[in-house]
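Chemist: work-v6.txt is reproduced in full below (compact mmCIF, C-alpha atoms (C1' of nucleotides)).
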```txt
# COMPACT_ATOMS: atom_id res chain seq x y z
CA MET A 1 14.17 9.13 -22.41
CA PRO A 2 11.27 11.52 -22.44
CA MET A 3 8.55 10.34 -20.14
CA HIS A 4 4.98 10.42 -21.20
CA HIS A 5 2.97 13.18 -19.61
CA PRO A 6 -0.40 13.20 -21.23
CA PRO A 7 -3.17 15.34 -19.83
CA SER A 8 -5.01 13.54 -17.04
CA ARG A 9 -8.32 15.11 -17.95
CA THR A 10 -9.88 15.93 -21.27
CA LEU A 11 -10.81 19.39 -22.40
CA ALA A 12 -14.24 19.27 -23.99
CA ARG A 13 -13.58 22.08 -26.46
CA VAL A 14 -10.38 20.44 -27.52
CA GLU A 15 -10.55 16.69 -27.34
CA ASP A 16 -12.26 16.12 -30.68
CA ARG A 17 -10.58 18.85 -32.62
CA PRO A 18 -8.44 17.49 -35.43
CA THR A 19 -5.60 19.86 -34.64
CA TRP A 20 -5.50 18.51 -31.12
CA LEU A 21 -5.68 14.90 -32.20
CA ILE A 22 -2.98 15.48 -34.76
CA SER A 23 -0.84 17.11 -32.14
CA ARG A 24 -1.28 14.27 -29.68
CA ASN A 25 -0.64 11.69 -32.34
CA PHE A 26 2.49 13.51 -33.30
CA GLN A 27 3.65 13.67 -29.76
CA ARG A 28 3.14 9.99 -29.28
CA SER A 29 4.65 9.05 -32.60
CA SER A 30 7.68 11.27 -32.22
CA GLY A 31 8.16 10.10 -28.66
CA LEU A 32 8.29 6.49 -29.76
CA LEU A 33 10.58 7.44 -32.59
CA ALA A 34 12.92 9.32 -30.30
CA ALA A 35 13.04 6.45 -27.84
CA ALA A 36 13.76 4.00 -30.64
CA PHE A 37 16.51 6.15 -32.13
CA GLU A 38 18.01 6.65 -28.71
CA SER A 39 18.14 2.93 -28.08
CA ALA A 40 19.96 2.56 -31.38
CA GLY A 41 23.15 3.76 -29.70
CA ASP A 42 24.51 6.65 -31.73
CA GLY A 43 23.07 10.05 -31.12
CA LEU A 44 21.42 10.04 -34.51
CA ARG A 45 18.13 11.84 -34.77
CA SER A 46 15.50 12.33 -37.40
CA TYR A 47 17.50 14.82 -39.45
CA HIS A 48 20.29 12.31 -39.79
CA TYR A 49 17.91 9.62 -40.88
CA ARG A 50 16.27 11.80 -43.46
CA LEU A 51 19.59 12.88 -44.86
CA LEU A 52 20.96 9.36 -45.04
CA ALA A 53 17.77 8.21 -46.71
CA ALA A 54 17.93 11.05 -49.21
CA LEU A 55 21.53 10.29 -50.09
CA ASP A 56 20.76 6.62 -50.46
CA GLU A 57 17.74 7.19 -52.67
CA TRP A 58 18.89 10.12 -54.73
CA GLY A 59 22.59 9.46 -54.82
CA PRO A 60 25.31 12.03 -54.12
CA ALA A 61 24.01 15.56 -53.89
CA SER A 62 25.03 19.01 -52.84
CA GLN A 63 24.03 20.26 -49.42
CA ALA A 64 21.73 22.83 -50.92
CA ASP A 65 19.95 20.17 -52.96
CA LEU A 66 19.68 17.97 -49.91
CA GLY A 67 18.15 20.83 -48.01
CA ARG A 68 15.63 21.61 -50.70
CA GLY A 69 14.81 17.97 -51.28
CA THR A 70 14.27 17.08 -47.67
CA GLY A 71 12.85 20.39 -46.52
CA ILE A 72 15.63 20.78 -43.99
CA ASP A 73 17.17 24.21 -43.65
CA ARG A 74 20.62 24.74 -45.14
CA SER A 75 22.14 25.49 -41.80
CA ASP A 76 20.68 22.40 -40.19
CA VAL A 77 21.87 20.31 -43.10
CA THR A 78 25.38 21.58 -42.49
CA ALA A 79 25.26 20.67 -38.83
CA ALA A 80 23.70 17.25 -39.30
CA LEU A 81 26.09 16.36 -42.09
CA SER A 82 29.04 17.27 -39.90
CA GLU A 83 27.81 14.86 -37.30
CA LEU A 84 27.26 12.19 -39.91
CA GLU A 85 30.68 12.83 -41.36
CA SER A 86 32.38 12.52 -37.99
CA ARG A 87 30.80 9.09 -37.72
CA ARG A 88 32.07 8.26 -41.21
CA LEU A 89 28.55 7.66 -42.47
CA VAL A 90 28.88 10.32 -45.12
CA LYS A 91 31.65 11.94 -47.10
CA ARG A 92 31.94 15.54 -48.26
CA SER A 93 34.02 16.40 -51.29
CA VAL A 94 34.31 19.59 -53.23
CA ASP A 95 32.55 19.72 -56.56
CA PRO A 96 35.31 20.29 -59.12
CA ALA A 97 32.91 22.20 -61.35
CA HIS A 98 31.72 24.53 -58.59
CA LYS A 99 34.36 24.88 -55.97
CA ARG A 100 31.95 26.38 -53.52
CA ARG A 101 29.70 23.35 -53.61
CA ASN A 102 30.11 20.14 -51.63
CA ILE A 103 29.17 16.82 -53.06
CA VAL A 104 27.91 14.62 -50.28
CA THR A 105 28.07 10.85 -50.60
CA ILE A 106 26.83 8.15 -48.31
CA THR A 107 29.50 5.65 -47.28
CA PRO A 108 29.02 1.88 -47.05
CA ALA A 109 28.91 2.27 -43.28
CA GLY A 110 26.26 4.90 -43.80
CA VAL A 111 24.15 2.53 -45.88
CA GLU A 112 24.57 -0.08 -43.20
CA ARG A 113 23.45 2.26 -40.44
CA LEU A 114 20.59 3.43 -42.60
CA LEU A 115 19.32 -0.11 -42.92
CA GLU A 116 19.42 -0.52 -39.16
CA LEU A 117 17.52 2.69 -38.73
CA ASP A 118 15.01 1.57 -41.33
CA ALA A 119 14.24 -1.48 -39.25
CA ILE A 120 13.87 0.61 -36.14
CA VAL A 121 11.57 3.03 -37.86
CA ASP A 122 9.47 0.22 -39.28
CA ASP A 123 9.09 -1.12 -35.81
CA VAL A 124 7.69 2.15 -34.62
CA GLN A 125 5.12 2.14 -37.42
CA GLU A 126 3.82 -1.09 -36.00
CA GLN A 127 3.65 0.31 -32.50
CA VAL A 128 1.81 3.39 -33.66
CA LEU A 129 -0.72 1.54 -35.77
CA LYS A 130 -1.19 -1.33 -33.40
CA PRO A 131 -4.77 -0.43 -32.40
CA LEU A 132 -5.91 -0.43 -36.02
CA THR A 133 -6.92 -3.28 -38.29
CA VAL A 134 -5.22 -3.59 -41.63
CA ALA A 135 -8.11 -1.95 -43.41
CA GLN A 136 -8.17 0.87 -40.91
CA ARG A 137 -4.46 1.40 -41.34
CA ARG A 138 -4.95 1.82 -45.05
CA GLN A 139 -7.76 4.26 -44.44
CA PHE A 140 -5.76 6.20 -41.90
CA ILE A 141 -2.83 6.56 -44.25
CA ALA A 142 -5.04 7.47 -47.18
CA LEU A 143 -6.83 10.14 -45.19
CA MET A 144 -3.61 11.67 -43.97
CA VAL A 145 -2.28 11.78 -47.50
CA LYS A 146 -5.46 13.41 -48.67
CA VAL A 147 -5.36 16.04 -45.97
CA LEU A 148 -1.81 16.86 -46.96
CA ALA A 149 -2.77 17.18 -50.59
CA ALA A 150 -3.96 20.70 -49.90
CA GLU A 151 -0.52 21.51 -48.66
CA ASP A 152 0.30 23.98 -51.40
CA GLU A 153 -3.15 25.21 -52.26
CA SER A 154 -3.15 27.52 -49.27
CA LEU A 155 -4.02 30.83 -50.82
CA THR A 156 -7.43 31.05 -49.25
CA SER A 157 -8.44 34.54 -48.25
CA ALA A 158 -6.35 35.68 -45.38
CA ALA A 159 -3.87 38.14 -46.85
CA PRO A 160 -5.14 41.69 -46.48
CA ASN A 161 -1.77 43.20 -47.33
CA PRO A 162 -0.03 41.49 -50.23
CA MET B 1 5.01 34.31 -39.90
CA PRO B 2 6.82 31.04 -40.46
CA MET B 3 7.14 30.29 -44.12
CA HIS B 4 6.29 26.94 -45.48
CA HIS B 5 9.26 24.86 -46.47
CA PRO B 6 8.06 21.40 -47.32
CA PRO B 7 10.38 18.93 -48.97
CA SER B 8 10.46 19.43 -52.72
CA ARG B 9 10.95 15.72 -53.38
CA THR B 10 9.51 12.69 -51.72
CA LEU B 11 11.55 10.02 -50.00
CA ALA B 12 10.27 6.63 -51.03
CA ARG B 13 11.10 4.92 -47.75
CA VAL B 14 9.38 7.65 -45.85
CA GLU B 15 6.45 9.10 -47.75
CA ASP B 16 3.90 6.47 -46.78
CA ARG B 17 5.04 5.85 -43.27
CA PRO B 18 2.44 6.83 -40.70
CA THR B 19 5.00 8.50 -38.48
CA TRP B 20 6.03 10.70 -41.38
CA LEU B 21 2.47 11.50 -42.37
CA ILE B 22 1.62 12.30 -38.79
CA SER B 23 4.63 14.54 -38.54
CA ARG B 24 3.79 16.41 -41.73
CA ASN B 25 0.18 16.78 -40.69
CA PHE B 26 1.31 18.14 -37.39
CA GLN B 27 3.61 20.57 -39.03
CA ARG B 28 0.89 21.85 -41.28
CA SER B 29 -1.70 21.98 -38.55
CA SER B 30 0.52 23.68 -36.04
CA GLY B 31 1.74 26.09 -38.67
CA LEU B 32 -1.81 27.17 -39.45
CA LEU B 33 -2.55 27.38 -35.77
CA ALA B 34 0.48 29.51 -35.08
CA ALA B 35 -0.34 31.83 -37.92
CA ALA B 36 -3.90 32.16 -36.72
CA PHE B 37 -2.88 32.85 -33.13
CA GLU B 38 -0.34 35.35 -34.29
CA SER B 39 -2.92 37.24 -36.28
CA ALA B 40 -5.03 37.38 -33.13
CA GLY B 41 -2.81 40.17 -31.89
CA ASP B 42 -1.62 39.23 -28.43
CA GLY B 43 1.35 36.96 -28.16
CA LEU B 44 -0.80 34.14 -26.88
CA ARG B 45 0.27 30.66 -27.86
CA SER B 46 -1.11 27.19 -27.45
CA TYR B 47 -0.23 26.88 -23.77
CA HIS B 48 -2.24 29.97 -23.00
CA TYR B 49 -5.22 28.69 -24.90
CA ARG B 50 -5.13 25.35 -23.18
CA LEU B 51 -4.89 26.96 -19.78
CA LEU B 52 -7.69 29.40 -20.43
CA ALA B 53 -9.85 26.56 -21.72
CA ALA B 54 -9.06 24.44 -18.69
CA LEU B 55 -9.95 27.25 -16.30
CA ASP B 56 -13.13 27.95 -18.16
CA GLU B 57 -14.23 24.33 -18.22
CA TRP B 58 -13.05 23.16 -14.84
CA GLY B 59 -13.38 26.35 -12.88
CA PRO B 60 -10.71 27.82 -10.59
CA ALA B 61 -7.84 25.43 -9.93
CA SER B 62 -4.38 25.33 -8.48
CA GLN B 63 -1.42 25.52 -10.82
CA ALA B 64 -0.43 21.98 -10.02
CA ASP B 65 -3.88 20.74 -10.90
CA LEU B 66 -3.84 22.74 -14.09
CA GLY B 67 -0.53 21.20 -14.96
CA ARG B 68 -1.71 17.68 -14.34
CA GLY B 69 -5.02 18.25 -16.06
CA THR B 70 -3.59 19.76 -19.19
CA GLY B 71 -0.36 17.79 -19.31
CA ILE B 72 1.67 20.99 -19.19
CA ASP B 73 4.72 20.97 -16.96
CA ARG B 74 4.48 22.87 -13.65
CA SER B 75 7.19 25.28 -14.65
CA ASP B 76 5.60 26.05 -17.99
CA VAL B 77 2.26 26.56 -16.26
CA THR B 78 3.90 29.13 -14.03
CA ALA B 79 5.36 31.02 -16.95
CA ALA B 80 2.24 30.92 -19.10
CA LEU B 81 0.03 31.99 -16.21
CA SER B 82 2.29 34.94 -15.52
CA GLU B 83 1.83 36.09 -19.08
CA LEU B 84 -1.91 35.58 -18.85
CA GLU B 85 -2.02 37.43 -15.57
CA SER B 86 -0.12 40.40 -16.94
CA ARG B 87 -2.81 40.64 -19.60
CA ARG B 88 -5.49 40.48 -16.91
CA LEU B 89 -6.98 37.32 -18.42
CA VAL B 90 -6.41 35.33 -15.26
CA LYS B 91 -6.12 36.04 -11.55
CA ARG B 92 -3.92 34.29 -9.01
CA SER B 93 -4.89 34.28 -5.36
CA VAL B 94 -3.46 32.36 -2.46
CA ASP B 95 -5.52 29.44 -1.22
CA PRO B 96 -6.38 30.30 2.39
CA ALA B 97 -6.41 26.62 3.30
CA HIS B 98 -3.00 25.91 1.79
CA LYS B 99 -0.92 29.03 1.76
CA ARG B 100 1.55 27.52 -0.62
CA ARG B 101 -1.09 26.96 -3.25
CA ASN B 102 -2.40 29.47 -5.77
CA ILE B 103 -5.97 29.43 -6.86
CA VAL B 104 -6.15 30.54 -10.45
CA THR B 105 -9.33 32.05 -11.84
CA ILE B 106 -10.21 33.15 -15.32
CA THR B 107 -11.38 36.77 -15.55
CA PRO B 108 -14.28 38.00 -17.67
CA ALA B 109 -11.73 39.44 -20.06
CA GLY B 110 -10.15 36.01 -20.10
CA VAL B 111 -13.41 34.36 -21.03
CA GLU B 112 -13.86 36.91 -23.74
CA ARG B 113 -10.44 36.31 -25.20
CA LEU B 114 -11.00 32.57 -24.92
CA LEU B 115 -14.10 32.84 -27.06
CA GLU B 116 -12.18 34.75 -29.70
CA LEU B 117 -9.50 32.12 -29.68
CA ASP B 118 -12.13 29.42 -29.94
CA ALA B 119 -13.40 30.96 -33.13
CA ILE B 120 -9.90 31.18 -34.51
CA VAL B 121 -9.15 27.59 -33.64
CA ASP B 122 -12.38 26.41 -35.19
CA ASP B 123 -11.43 28.18 -38.34
CA VAL B 124 -8.20 26.27 -38.50
CA GLN B 125 -10.06 22.97 -38.15
CA GLU B 126 -11.89 23.85 -41.30
CA GLN B 127 -8.71 24.69 -43.14
CA VAL B 128 -7.07 21.47 -42.09
CA LEU B 129 -9.99 19.24 -42.97
CA LYS B 130 -10.91 21.08 -46.13
CA PRO B 131 -9.86 18.28 -48.50
CA LEU B 132 -12.10 15.75 -46.76
CA THR B 133 -15.78 15.07 -47.09
CA VAL B 134 -17.90 15.09 -43.98
CA ALA B 135 -17.86 11.31 -43.75
CA GLN B 136 -14.10 11.24 -44.22
CA ARG B 137 -13.67 13.82 -41.49
CA ARG B 138 -15.58 11.64 -39.09
CA GLN B 139 -13.47 8.65 -40.09
CA PHE B 140 -10.27 10.60 -39.76
CA ILE B 141 -11.15 11.77 -36.29
CA ALA B 142 -12.32 8.34 -35.21
CA LEU B 143 -9.12 6.72 -36.44
CA MET B 144 -6.93 9.23 -34.65
CA VAL B 145 -8.85 8.68 -31.45
CA LYS B 146 -8.45 4.97 -31.83
CA VAL B 147 -4.73 5.19 -32.42
CA LEU B 148 -4.41 7.27 -29.29
CA ALA B 149 -6.34 4.75 -27.25
CA ALA B 150 -3.18 2.69 -26.88
CA GLU B 151 -1.55 5.70 -25.30
CA ASP B 152 -0.90 4.07 -21.95
CA GLU B 153 -0.57 0.43 -22.93
CA SER B 154 2.99 0.90 -24.07
CA LEU B 155 5.01 -1.71 -22.25
CA THR B 156 6.07 -3.66 -25.27
CA SER B 157 9.51 -5.28 -25.18
CA ALA B 158 12.24 -2.74 -25.62
CA ALA B 159 13.90 -2.22 -22.25
CA PRO B 160 17.06 -4.33 -21.91
CA ASN B 161 18.23 -2.57 -18.76
CA PRO B 162 15.45 -1.84 -16.28
C1' DG C 1 37.34 42.85 -68.40
C1' DA C 2 35.10 44.60 -64.41
C1' DT C 3 30.73 44.78 -61.88
C1' DT C 4 26.61 42.95 -60.51
C1' DG C 5 23.71 39.19 -58.87
C1' DA C 6 22.61 34.64 -57.62
C1' DG C 7 23.80 30.37 -55.37
C1' DT C 8 26.52 27.90 -51.63
C1' DG C 9 28.24 26.58 -47.10
C1' DT C 10 28.87 28.15 -42.50
C1' DT C 11 28.17 30.54 -38.16
C1' DG C 12 25.29 32.14 -34.83
C1' DG C 13 21.09 33.15 -33.32
C1' DC C 14 15.92 32.65 -32.27
C1' DT C 15 11.20 30.41 -31.11
C1' DC C 16 8.03 26.71 -29.29
C1' DG C 17 6.74 22.92 -27.05
C1' DA C 18 8.28 19.55 -24.05
C1' DC C 19 11.05 18.19 -20.53
C1' DC C 20 13.96 18.06 -15.89
C1' DA C 21 16.46 19.42 -11.48
C1' DA C 22 16.80 22.14 -7.57
C1' DC C 23 15.05 25.00 -4.20
C1' DA C 24 12.23 27.26 -0.45
C1' DT C 25 8.15 26.88 1.67
C1' DA C 26 3.90 24.82 3.47
C1' DG C 27 1.18 21.22 5.16
C1' DC C 28 0.68 16.51 6.88
C1' DC C 29 1.42 12.45 9.47
C1' DG C 30 4.18 9.40 11.87
C1' DC D 1 9.45 17.10 16.79
C1' DG D 2 11.28 15.01 12.32
C1' DG D 3 10.50 13.31 7.90
C1' DC D 4 7.65 13.43 3.73
C1' DT D 5 5.12 15.12 0.16
C1' DA D 6 3.20 18.84 -2.54
C1' DT D 7 3.56 23.45 -4.48
C1' DG D 8 5.34 27.31 -7.03
C1' DT D 9 9.38 29.21 -8.95
C1' DT D 10 13.89 29.60 -11.17
C1' DG D 11 16.82 28.20 -14.45
C1' DG D 12 18.30 25.34 -17.27
C1' DT D 13 18.27 21.27 -21.69
C1' DC D 14 16.75 19.41 -26.08
C1' DG D 15 14.91 18.73 -30.93
C1' DA D 16 12.96 20.66 -34.82
C1' DG D 17 12.14 24.45 -37.40
C1' DC D 18 13.43 28.88 -38.84
C1' DC D 19 16.12 33.34 -40.28
C1' DA D 20 20.03 36.65 -40.99
C1' DA D 21 24.59 37.58 -42.17
C1' DC D 22 28.92 36.52 -44.02
C1' DA D 23 32.50 34.83 -47.33
C1' DC D 24 33.09 32.98 -51.25
C1' DT D 25 32.39 31.28 -56.17
C1' DC D 26 30.35 31.44 -60.46
C1' DA D 27 27.71 33.24 -64.37
C1' DA D 28 25.67 36.90 -66.72
C1' DT D 29 25.51 41.56 -67.98
C1' DC D 30 27.20 46.05 -68.79
```
Let me see the file written as structure tokens.

Modeler:
Amino acid sequence: MPMHHPPSRTLARVEDRPTWLISRNFQRSSGLLAAAFESAGDGLRSYHYRLLAALDEWGPASQADLGRGTGIDRSDVTAALSELESRRLVKRSVDPAHKRRNIVTITPAGVERLLELDAIVDDVQEQVLKPLTVAQRRQFIALMVKVLAAEDESLTSAAPNP
Amino acid sequence: MPMHHPPSRTLARVEDRPTWLISRNFQRSSGLLAAAFESAGDGLRSYHYRLLAALDEWGPASQADLGRGTGIDRSDVTAALSELESRRLVKRSVDPAHKRRNIVTITPAGVERLLELDAIVDDVQEQVLKPLTVAQRRQFIALMVKVLAAEDESLTSAAPNP
DNA sequence: GATTGAGTGTTGGCTCGACCAACATAGCCG
DNA sequence: CGGCTATGTTGGTCGAGCCAACACTCAATC
């Protein structure tokens, strides 16, 4: 249960900077998320949720594909899947076509847990957005999406040595 | 130089959730920030910047006050200040009134470095906000501030065992 | 067919920011 | 004086994000 230790004063040169606001929003949001996940019993964390969601939405997949799809590193996928597997939320089986490859499947129990986590996560959305009106929420989301749109166009002019 | 490994696919149940968008925005923003700080030469990171800024804005202060003011844990303040001190950007001297207390002061070199970092950080703001118009930037900032306003009013209804 | 090269899963490690606990010391206040 | 709090320091933990190296499998190329 991570306690909340926000700064007690505001730094003028920092308080209105987007990077700072983003960082504080993230801290708050991820704190609420962590608390919610923790109260859900199992030691499942965000990696587990993302992996379960990916398996549910995309169907069985190899670990490498899961990693690429979710943006989680191969090694972290391995670790998280092991934890999921030990809770019987996921099953690993060898791909007959490529013996080196695992095919990961979500189990019925995994789907069940995923739905519980979905509800928890939805709850946190509400908490986070609480101060905003419905219209503002839409705006907020739209703006964040727009900011992220530049995510790949990042070849500006900062690479002296190619 | 941390490479950028975003998810290659989008998770339907996740892609529009504010917590997810906040998290991705944070990742992008902090990635740019880290890259910018790294290119600044010294191994200074965000803690150092916040502490230098605090000292510059609030004047000399004890480590405990710095910690409370910036929201950085006492122990992390100690460590970061030691690194700043070894670079002569900050000076520690014992408070004559309270021998246990250090009075930390930013040096001229510290102010100088702070200004450089300021420029770097400002640059990152631009990068982050690039996709937005001026009006949208204002909105974005205002919305983030508003969301954060609820930061302390967080006694909802999720504590079964007090 | 044997040799390369790429992809896969796993192990083990690292960094950063955010925490927390314990301790010795210093000051305060009863 | 004895307790109490505050301070700085040491030495951890954790989650998320990374990276490197290895063993192995497969496909393509020589």

Chemist: Please identify all polymer residues within 12 Å of range 7-10 of chain C, counting only C-alpha atoms (C1' of nucleotides), omitting same-chain residues fewer than 3 positions from it, and present them as a VMD selection string.

Modeler: (chain A and resid 62 to 65 67 73 to 79 81 to 82 92 94 to 95 98 to 103) or (chain D and resid 21 to 27)

Chemist: Would you mind reading off the distance between CA of Ser39 in chain B and CA of Leu51 in chain B, one decimal, in Å?

Modeler: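 Between CA of Ser39 in chain B and CA of Leu51 in chain B the gap is 19.5 Å.
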
Chemist: Pull out every residue of chain C that has at least one atom within 8 Å of chain B, counting all atoms listed in the file, and report them as a PyMOL selection string.

Modeler: chain C and resi 19+25-27

Chemist: May I ask you to extract the residues of chain D within 8 Å of chain B, using all atoms listed in the file, and to give them as a count of residues only?

Modeler: 4

Chemist: Record the distance separating CA of Leu143 in chain B and CA of Arg24 in chain A, expressed in Å with one decimal.

Modeler: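 Computing the Euclidean distance for CA of Leu143 in chain B and CA of Arg24 in chain A yields 12.8 Å.
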
Chemist: Quote the spacing between CA of Val147 in chain B and CA of Glu126 in chain B in Å to one decimal place.

Modeler: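 Distance between the two atoms: 21.9 Å.
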
Chemist: Would you mind telling me which residue in B:His48, B:Val90, B:Leu148, B:Gly41 lies nearest to Val104 in chain B when using only C-alpha atoms?

Modeler: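 Answer, going by the shortest atom-to-atom distance: B:Val90.
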
Chemist: Each residue of chain A lying at most 6 Å from chain B should get a row with its shortest atom-to-atom pair and the distance in Å to one decimal, counting only C-alpha atoms; could you produce that, ordered by chain and increasing number, as JSON lines?

Modeler:
```
{"residue": "A:His5", "atom": "CA", "partner": "B:Gly71", "partner_atom": "CA", "distance": 5.7}
{"residue": "A:Pro6", "atom": "CA", "partner": "B:Gly71", "partner_atom": "CA", "distance": 5.0}
{"residue": "A:Pro7", "atom": "CA", "partner": "B:Gly71", "partner_atom": "CA", "distance": 3.8}
{"residue": "A:Ser8", "atom": "CA", "partner": "B:Gly69", "partner_atom": "CA", "distance": 4.8}
{"residue": "A:Arg9", "atom": "CA", "partner": "B:Gly69", "partner_atom": "CA", "distance": 4.9}
{"residue": "A:Thr19", "atom": "CA", "partner": "B:Ser29", "partner_atom": "CA", "distance": 5.9}
{"residue": "A:Ile22", "atom": "CA", "partner": "B:Phe26", "partner_atom": "CA", "distance": 5.7}
{"residue": "A:Ser23", "atom": "CA", "partner": "B:Phe26", "partner_atom": "CA", "distance": 5.8}
{"residue": "A:Phe26", "atom": "CA", "partner": "B:Ile22", "partner_atom": "CA", "distance": 5.7}
{"residue": "A:Ser29", "atom": "CA", "partner": "B:Thr19", "partner_atom": "CA", "distance": 5.9}
{"residue": "A:Arg68", "atom": "CA", "partner": "B:Ser8", "partner_atom": "CA", "distance": 6.0}
{"residue": "A:Gly69", "atom": "CA", "partner": "B:Ser8", "partner_atom": "CA", "distance": 4.8}
{"residue": "A:Thr70", "atom": "CA", "partner": "B:Pro7", "partner_atom": "CA", "distance": 4.5}
{"residue": "A:Gly71", "atom": "CA", "partner": "B:Pro7", "partner_atom": "CA", "distance": 3.8}
{"residue": "A:Pro131", "atom": "CA", "partner": "B:Val147", "partner_atom": "CA", "distance": 5.6}
{"residue": "A:Val147", "atom": "CA", "partner": "B:Pro131", "partner_atom": "CA", "distance": 5.6}
```

Chemist: Include C-alpha atoms and write out the residues we just selected as a PDB file, in the coordinates of the input.

Modeler:
```pdb
ATOM      1  CA  HIS A   5       2.970  13.180 -19.610  1.00  0.00           C
ATOM      2  CA  PRO A   6      -0.400  13.200 -21.230  1.00  0.00           C
ATOM      3  CA  PRO A   7      -3.170  15.340 -19.830  1.00  0.00           C
ATOM      4  CA  SER A   8      -5.010  13.540 -17.040  1.00  0.00           C
ATOM      5  CA  ARG A   9      -8.320  15.110 -17.950  1.00  0.00           C
ATOM      6  CA  THR A  19      -5.600  19.860 -34.640  1.00  0.00           C
ATOM      7  CA  ILE A  22      -2.980  15.480 -34.760  1.00  0.00           C
ATOM      8  CA  SER A  23      -0.840  17.110 -32.140  1.00  0.00           C
ATOM      9  CA  PHE A  26       2.490  13.510 -33.300  1.00  0.00           C
ATOM     10  CA  SER A  29       4.650   9.050 -32.600  1.00  0.00           C
ATOM     11  CA  ARG A  68      15.630  21.610 -50.700  1.00  0.00           C
ATOM     12  CA  GLY A  69      14.810  17.970 -51.280  1.00  0.00           C
ATOM     13  CA  THR A  70      14.270  17.080 -47.670  1.00  0.00           C
ATOM     14  CA  GLY A  71      12.850  20.390 -46.520  1.00  0.00           C
ATOM     15  CA  PRO A 131      -4.770  -0.430 -32.400  1.00  0.00           C
ATOM     16  CA  VAL A 147      -5.360  16.040 -45.970  1.00  0.00           C
TER      17      VAL A 147
END
```

Chemist: If we count all atoms listed in the file and set the cut-off at 10 Å, which residues sit around DC4 in chain D, ignoring sequence neighbours fewer than 6 positions away in its own chain? Please answer as a ChimeraX atom specification.

Modeler: /C:28-30

Chemist: How would the residues just chosen look if you wrote them out with C-alpha atoms (C1' of nucleotides) as an mmCIF file, in the coordinates of the input?

Modeler:
```cif
data_model
loop_
_atom_site.group_PDB
_atom_site.id
_atom_site.type_symbol
_atom_site.label_atom_id
_atom_site.label_comp_id
_atom_site.auth_asym_id
_atom_site.auth_seq_id
_atom_site.Cartn_x
_atom_site.Cartn_y
_atom_site.Cartn_z
ATOM 1 C "C1'" DC C 28 0.680 16.510 6.880
ATOM 2 C "C1'" DC C 29 1.420 12.450 9.470
ATOM 3 C "C1'" DG C 30 4.180 9.400 11.870
#
```

Chemist: List the residues sitting within 10 Å of (24.5, 37.9, -68.2) in the file's frame, using only C-alpha atoms (C1' of nucleotides), as a ChimeraX atom specification.

Modeler: /C:4-5 /D:27-30
